[in-house]
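**Q** One structure coming up, written as structure tokens, with questions to follow.
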Amino acid sequence: MKIYLNGKLVDRARATVSVFDHGLLYGDGVFEGIRAYRRRVFKLPAHVDRLFESAHTLMLKVPLTKSALQRAVIQTLKANRLSDAYIRVVVTRGPGDLGLDPRKCSTPTLIIITDRIVLYPERIYRDGMAIVTVPTQRNIPEALNPQIKSLNYLNNILAKIEATNAGVEEAIMLNAQGYVAECTGDNLFIVTRGALLTPPPYIGLLRGITRDTVMDLARALRMPVREVVLTRHDLFNADECFLTGTAAEIVPVVRVDGRPIGAGVPGRATATLRDAFHRLTRTDGVRY
Ligand code: PXG
């Protein structure tokens, strides 16, 4: 396996970074998770734009232009002869000293890993997933905006541990006011009386690229789509619920905190959106 590291394609065993890299010492860096389907990179420009926005907020300079970064992603996919892949782009502050001052880090580290994707088992998509709300609240935007896809994922990892301890695969994270924000690596939607509802970004969540895509698909299907503040009560009484993310795509949710959602089986709107999404991943995207 070849890894892109600072402008070179190197063997996996040689793809190493310094123990002084602030990505490791402080989680000072940003990343993206991207998918390729049948030699097409899905929503590549949107992922590159989001990476640059995250980096800009941290005053971290991505060492390539947007178009050069797109080319580097494709170069890495081709080097590994992958037609379906999960792509991880990481930009760290780079090596510095043991202090946290980012000015001491002169050269950012750029990593592109392309690998086969590990999916949820098929039965999760067929029968739906049970999820729970967890005690760990989503970071408040005033402290660390969830819109920054940074290498600091401890907030999400704590929630994931709580979900695992509760015997489920995913956690619903609430914001500091108790409103539904998102899951640890996925956004959350409900369907209520025919309308598709999801929390607005100001609640404190990552504006997922799959989330935006699903809202566009729903509008094209003439479904009403609204960003609204949601409570746990709204989830419990929804007709359908599902999660969206690059890795998971669209996952039906059939239980929240022990309450069955709707009929307790994956819903019709969820299935329709899954079909539409599946078609899009096979026809859209940057070809290579
Ligand atoms: N919320 C958070 C907090 C995320 O990290 C999403 C939503 C979905 O966004 P996209 O743009 O992918 O629709 C993410 C996605 C994984 C994994 O292995 C996923 C993410 C990060 C790390 C790992 O599932 N991000």
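Ligands are numbered from 1 in the order shown, residues from 1 within each chain, and chains are lettered A, B, ... in the order they appear in the structure tokens.
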Could I get the residues of chain A with an atom no further than 7 Å from an atom of ligand 1, each paired with its nearest atom pair and that distance in Å to one decimal, using only C-alpha atoms and all ligand atoms, sorted by chain and residue number, as a tab-separated table?

**A**
```
residue	atom	partner	partner_atom_place_in_ligand_line	distance
A:Gly33	CA	ligand 1	20 (C)	6.1
A:Pro146	CA	ligand 1	3 (C)	6.8
A:Lys149	CA	ligand 1	5 (O)	6.8
A:Asn156	CA	ligand 1	3 (C)	6.8
A:Glu182	CA	ligand 1	1 (N)	6.3
A:Cys183	CA	ligand 1	1 (N)	6.3
A:Thr184	CA	ligand 1	3 (C)	5.2
A:Gly185	CA	ligand 1	4 (C)	3.6
A:Asp186	CA	ligand 1	7 (C)	3.7
A:Asn187	CA	ligand 1	7 (C)	4.6
A:Leu205	CA	ligand 1	1 (N)	6.4
A:Leu206	CA	ligand 1	1 (N)	4.7
A:Arg207	CA	ligand 1	9 (O)	6.6
A:Gly208	CA	ligand 1	9 (O)	3.4
A:Ile209	CA	ligand 1	11 (O)	3.7
A:Thr210	CA	ligand 1	13 (O)	3.6
A:Arg211	CA	ligand 1	13 (O)	5.5
A:Thr244	CA	ligand 1	13 (O)	5.9
A:Gly245	CA	ligand 1	13 (O)	3.6
A:Thr246	CA	ligand 1	12 (O)	3.6
A:Ala247	CA	ligand 1	24 (O)	4.8
A:Ala248	CA	ligand 1	24 (O)	6.2
```

**Q** Limited to N, CA and C atoms, could you put the picked residues into a file as a tab-separated table (two decimals), in the first residue's frame?

**A**
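File written: result07.tsv
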```tsv
chain	number	residue	atom	x	y	z
A	33	GLY	N	-12.77	12.69	5.54
A	33	GLY	CA	-13.03	11.32	5.12
A	33	GLY	C	-13.87	11.38	3.85
A	146	PRO	N	-17.92	22.51	16.35
A	146	PRO	CA	-17.98	21.19	15.69
A	146	PRO	C	-17.85	21.27	14.17
A	149	LYS	N	-13.42	20.28	11.37
A	149	LYS	CA	-13.15	18.84	11.40
A	149	LYS	C	-11.69	18.67	11.81
A	156	ASN	N	-16.17	13.22	20.55
A	156	ASN	CA	-16.91	12.17	19.87
A	156	ASN	C	-16.53	10.78	20.37
A	182	GLU	N	-26.04	15.70	16.92
A	182	GLU	CA	-25.64	14.73	15.88
A	182	GLU	C	-25.11	13.48	16.57
A	183	CYS	N	-24.65	12.51	15.77
A	183	CYS	CA	-24.01	11.33	16.34
A	183	CYS	C	-22.50	11.52	16.30
A	184	THR	N	-21.73	10.48	16.64
A	184	THR	CA	-20.28	10.69	16.81
A	184	THR	C	-19.55	10.88	15.48
A	185	GLY	N	-20.09	10.28	14.42
A	185	GLY	CA	-19.47	10.47	13.10
A	185	GLY	C	-20.51	10.53	12.01
A	186	ASP	N	-21.73	10.87	12.39
A	186	ASP	CA	-22.86	10.92	11.45
A	186	ASP	C	-23.84	12.01	11.86
A	187	ASN	N	-24.54	12.57	10.88
A	187	ASN	CA	-25.65	13.49	11.17
A	187	ASN	C	-26.93	12.70	11.33
A	205	LEU	N	-22.98	21.33	15.32
A	205	LEU	CA	-22.78	20.04	14.65
A	205	LEU	C	-21.93	20.25	13.40
A	206	LEU	N	-21.40	19.16	12.89
A	206	LEU	CA	-20.68	19.23	11.63
A	206	LEU	C	-21.70	19.20	10.50
A	207	ARG	N	-21.61	20.19	9.59
A	207	ARG	CA	-22.50	20.19	8.43
A	207	ARG	C	-21.98	19.16	7.44
A	208	GLY	N	-22.51	17.96	7.57
A	208	GLY	CA	-22.01	16.84	6.78
A	208	GLY	C	-22.30	17.01	5.30
A	209	ILE	N	-21.41	16.50	4.49
A	209	ILE	CA	-21.59	16.57	3.04
A	209	ILE	C	-22.67	15.58	2.62
A	210	THR	N	-22.76	14.44	3.30
A	210	THR	CA	-23.86	13.50	3.04
A	210	THR	C	-25.18	14.14	3.46
A	211	ARG	N	-25.18	14.86	4.59
A	211	ARG	CA	-26.37	15.59	5.06
A	211	ARG	C	-26.88	16.55	3.98
A	244	THR	N	-26.67	9.89	8.59
A	244	THR	CA	-25.94	10.06	7.33
A	244	THR	C	-24.47	10.36	7.60
A	245	GLY	N	-23.61	9.80	6.78
A	245	GLY	CA	-22.18	10.10	6.86
A	245	GLY	C	-21.47	9.45	5.68
A	246	THR	N	-20.28	9.93	5.40
A	246	THR	CA	-19.51	9.42	4.26
A	246	THR	C	-19.27	7.92	4.37
A	247	ALA	N	-18.88	7.48	5.57
A	247	ALA	CA	-18.57	6.06	5.74
A	247	ALA	C	-19.85	5.23	5.77
A	248	ALA	N	-20.83	5.66	6.57
A	248	ALA	CA	-22.05	4.87	6.79
A	248	ALA	C	-23.09	5.04	5.69
```

**Q** Using DSSP on the backbone coordinates, identify all residues within range 102-170 of chain A classified as strand (DSSP E); present the result as a list in words.

**A**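 Of range 102-170 of chain A, only Thr109, Leu110, Ile111, Ile112, Ile113, Thr114, Asp115, Met129, Ala130, Ile131, Val132, Thr133 and Glu170 of chain A fall in strand (DSSP E).
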
**Q** Could you give me the residues within range 32-211 of chain A that DSSP places in helix (DSSP H, G or I), as a count of residues only?

**A** 55

**Q** Just the residues within 10 Å of Leu174 in chain A, please, counting only C-alpha atoms, with nothing from its chain fewer than 2 positions along; format it as a list of chain:residue names.

**A** A:Thr133, A:Val134, A:Pro135, A:Thr136, A:Gln137, A:Arg138, A:Asn139, A:Ala171, A:Ile172, A:Ala176, A:Gln177, A:Gly178, A:Tyr179, A:Val180, A:Ala181, A:Glu182, A:Cys183, A:Ile203, A:Gly204, A:Leu205, A:Leu230, A:Thr231, A:Arg232

**Q** Would you mind telling me which residue in A:Glu122, A:Glu240, A:Glu142, A:Glu162 lies nearest to Gly264 in chain A when using only C-alpha atoms?

**A**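 Using only C-alpha atoms, the shortest distance to Gly264 in chain A belongs to A:Glu240.
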
**Q** Using only C-alpha atoms, determine which residues lie at most 10 Å from Gly194 in chain A, disregarding the query and same-chain residues fewer than 2 positions distant; provide the list as a PyMOL selection string.

**A** chain A and resi 190-192+196-197+223-225+239-240+269

**Q** Produce a file of the selected residues containing N, CA, C and O atoms, as a PDB file, in the first residue's frame.

**A**
```pdb
ATOM      1  N   ILE A 190     -34.875  12.963  11.013  1.00  0.00           N
ATOM      2  CA  ILE A 190     -36.125  12.247  11.240  1.00  0.00           C
ATOM      3  C   ILE A 190     -37.104  12.585  10.113  1.00  0.00           C
ATOM      4  O   ILE A 190     -36.946  13.597   9.419  1.00  0.00           O
ATOM      5  N   VAL A 191     -38.076  11.715   9.946  1.00  0.00           N
ATOM      6  CA  VAL A 191     -39.193  11.977   9.030  1.00  0.00           C
ATOM      7  C   VAL A 191     -40.449  12.017   9.888  1.00  0.00           C
ATOM      8  O   VAL A 191     -40.736  11.060  10.628  1.00  0.00           O
ATOM      9  N   THR A 192     -41.157  13.147   9.831  1.00  0.00           N
ATOM     10  CA  THR A 192     -42.369  13.337  10.624  1.00  0.00           C
ATOM     11  C   THR A 192     -43.454  13.910   9.724  1.00  0.00           C
ATOM     12  O   THR A 192     -43.236  14.955   9.094  1.00  0.00           O
ATOM     13  N   LEU A 196     -38.914  15.950   6.023  1.00  0.00           N
ATOM     14  CA  LEU A 196     -37.576  15.548   6.464  1.00  0.00           C
ATOM     15  C   LEU A 196     -37.007  16.645   7.361  1.00  0.00           C
ATOM     16  O   LEU A 196     -36.903  17.807   6.945  1.00  0.00           O
ATOM     17  N   LEU A 197     -36.668  16.292   8.583  1.00  0.00           N
ATOM     18  CA  LEU A 197     -36.200  17.268   9.571  1.00  0.00           C
ATOM     19  C   LEU A 197     -34.815  16.910  10.083  1.00  0.00           C
ATOM     20  O   LEU A 197     -34.521  15.731  10.347  1.00  0.00           O
ATOM     21  N   MET A 223     -40.050  16.264  -1.372  1.00  0.00           N
ATOM     22  CA  MET A 223     -40.305  16.116   0.066  1.00  0.00           C
ATOM     23  C   MET A 223     -40.026  17.456   0.732  1.00  0.00           C
ATOM     24  O   MET A 223     -39.016  18.070   0.431  1.00  0.00           O
ATOM     25  N   PRO A 224     -40.882  17.901   1.663  1.00  0.00           N
ATOM     26  CA  PRO A 224     -40.533  19.103   2.432  1.00  0.00           C
ATOM     27  C   PRO A 224     -39.295  18.821   3.299  1.00  0.00           C
ATOM     28  O   PRO A 224     -39.205  17.744   3.905  1.00  0.00           O
ATOM     29  N   VAL A 225     -38.351  19.758   3.311  1.00  0.00           N
ATOM     30  CA  VAL A 225     -37.108  19.608   4.074  1.00  0.00           C
ATOM     31  C   VAL A 225     -36.968  20.814   4.988  1.00  0.00           C
ATOM     32  O   VAL A 225     -37.077  21.947   4.533  1.00  0.00           O
ATOM     33  N   ASP A 239     -41.793   9.348  12.647  1.00  0.00           N
ATOM     34  CA  ASP A 239     -42.221   8.179  11.865  1.00  0.00           C
ATOM     35  C   ASP A 239     -41.014   7.362  11.414  1.00  0.00           C
ATOM     36  O   ASP A 239     -41.094   6.144  11.283  1.00  0.00           O
ATOM     37  N   GLU A 240     -39.911   8.069  11.138  1.00  0.00           N
ATOM     38  CA  GLU A 240     -38.676   7.402  10.712  1.00  0.00           C
ATOM     39  C   GLU A 240     -37.494   8.188  11.257  1.00  0.00           C
ATOM     40  O   GLU A 240     -37.619   9.367  11.577  1.00  0.00           O
ATOM     41  N   ALA A 269     -39.552   6.375   3.442  1.00  0.00           N
ATOM     42  CA  ALA A 269     -38.798   7.560   2.992  1.00  0.00           C
ATOM     43  C   ALA A 269     -37.302   7.278   3.079  1.00  0.00           C
ATOM     44  O   ALA A 269     -36.533   7.637   2.170  1.00  0.00           O
TER      45      ALA A 269
END
```

**Q** Measuring between only C-alpha atoms, which one of A:Ala68, A:Val30, A:Val19, A:Ala195 shows the shortest distance to Arg222 in chain A?

**A**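 That would be A:Ala195, the residue with the smallest distance to Arg222 in chain A.
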
**Q** So that I can check the surroundings of Asp97 in chain A, please list as a compact mmCIF listing (two decimals) with N, CA, C and O atoms, in the first residue's frame every protein, DNA and RNA residue that reaches within 7 Å of it, counting only C-alpha atoms and ignoring chain neighbours fewer than 2 positions away.

**A**
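Below is the file that was written, out-v3.txt:
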```txt
# COMPACT_ATOMS: atom_id res chain seq x y z
N PHE A 20 7.38 14.77 17.36
CA PHE A 20 7.21 16.19 17.70
C PHE A 20 6.11 16.84 16.86
O PHE A 20 5.88 18.03 16.95
N GLY A 99 6.29 22.83 23.26
CA GLY A 99 5.30 23.85 23.60
C GLY A 99 4.18 23.85 22.58
O GLY A 99 4.34 23.33 21.48
N LYS A 104 5.98 27.78 16.06
CA LYS A 104 7.24 27.02 16.06
C LYS A 104 7.21 25.89 15.03
O LYS A 104 8.20 25.20 14.84
```

**Q** Which polymer residues have any atom within 12 Å of an atom of Val10 in chain A, counting only C-alpha atoms, with same-chain residues fewer than 4 positions away left out, as an MDAnalysis selection string?

**A** chainID A and resid 1:6 14:16 76 79:80 111:113

**Q** Select, from A:Thr283, A:Thr109, A:Asn237, A:Thr114, the residue with the minimum atom-to-atom distance to Asp21 in chain A, counting only C-alpha atoms.

**A**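 Of all the options, A:Thr109 lies closest to Asp21 in chain A.
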
**Q** Using only C-alpha atoms, can you tell me which of A:Asp234, A:Asp275, A:Asp28, A:Asp127 comes closest to Pro252 in chain A?

**A**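 Ranking A:Asp234, A:Asp275, A:Asp28, A:Asp127 by distance to Pro252 in chain A, first place goes to A:Asp127.
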
**Q** Which value, in Å to one decimal, gives the distance between CA of Ile124 in chain A and CA of Ala36 in chain A?

**A**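 CA of Ile124 in chain A sits 21.8 Å away from CA of Ala36 in chain A.
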
**Q** What is the CA of Ile87 in chain A to CA of Ile34 in chain A distance in Å?

**A**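 Spanning CA of Ile87 in chain A to CA of Ile34 in chain A is a straight-line distance of 4.9 Å.
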
**Q** Which is closest to Leu243 in chain A among A:Leu77, A:Leu188, A:Leu217, A:Val286, if we use only C-alpha atoms?

**A**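 That would be A:Leu188, the residue with the smallest distance to Leu243 in chain A.
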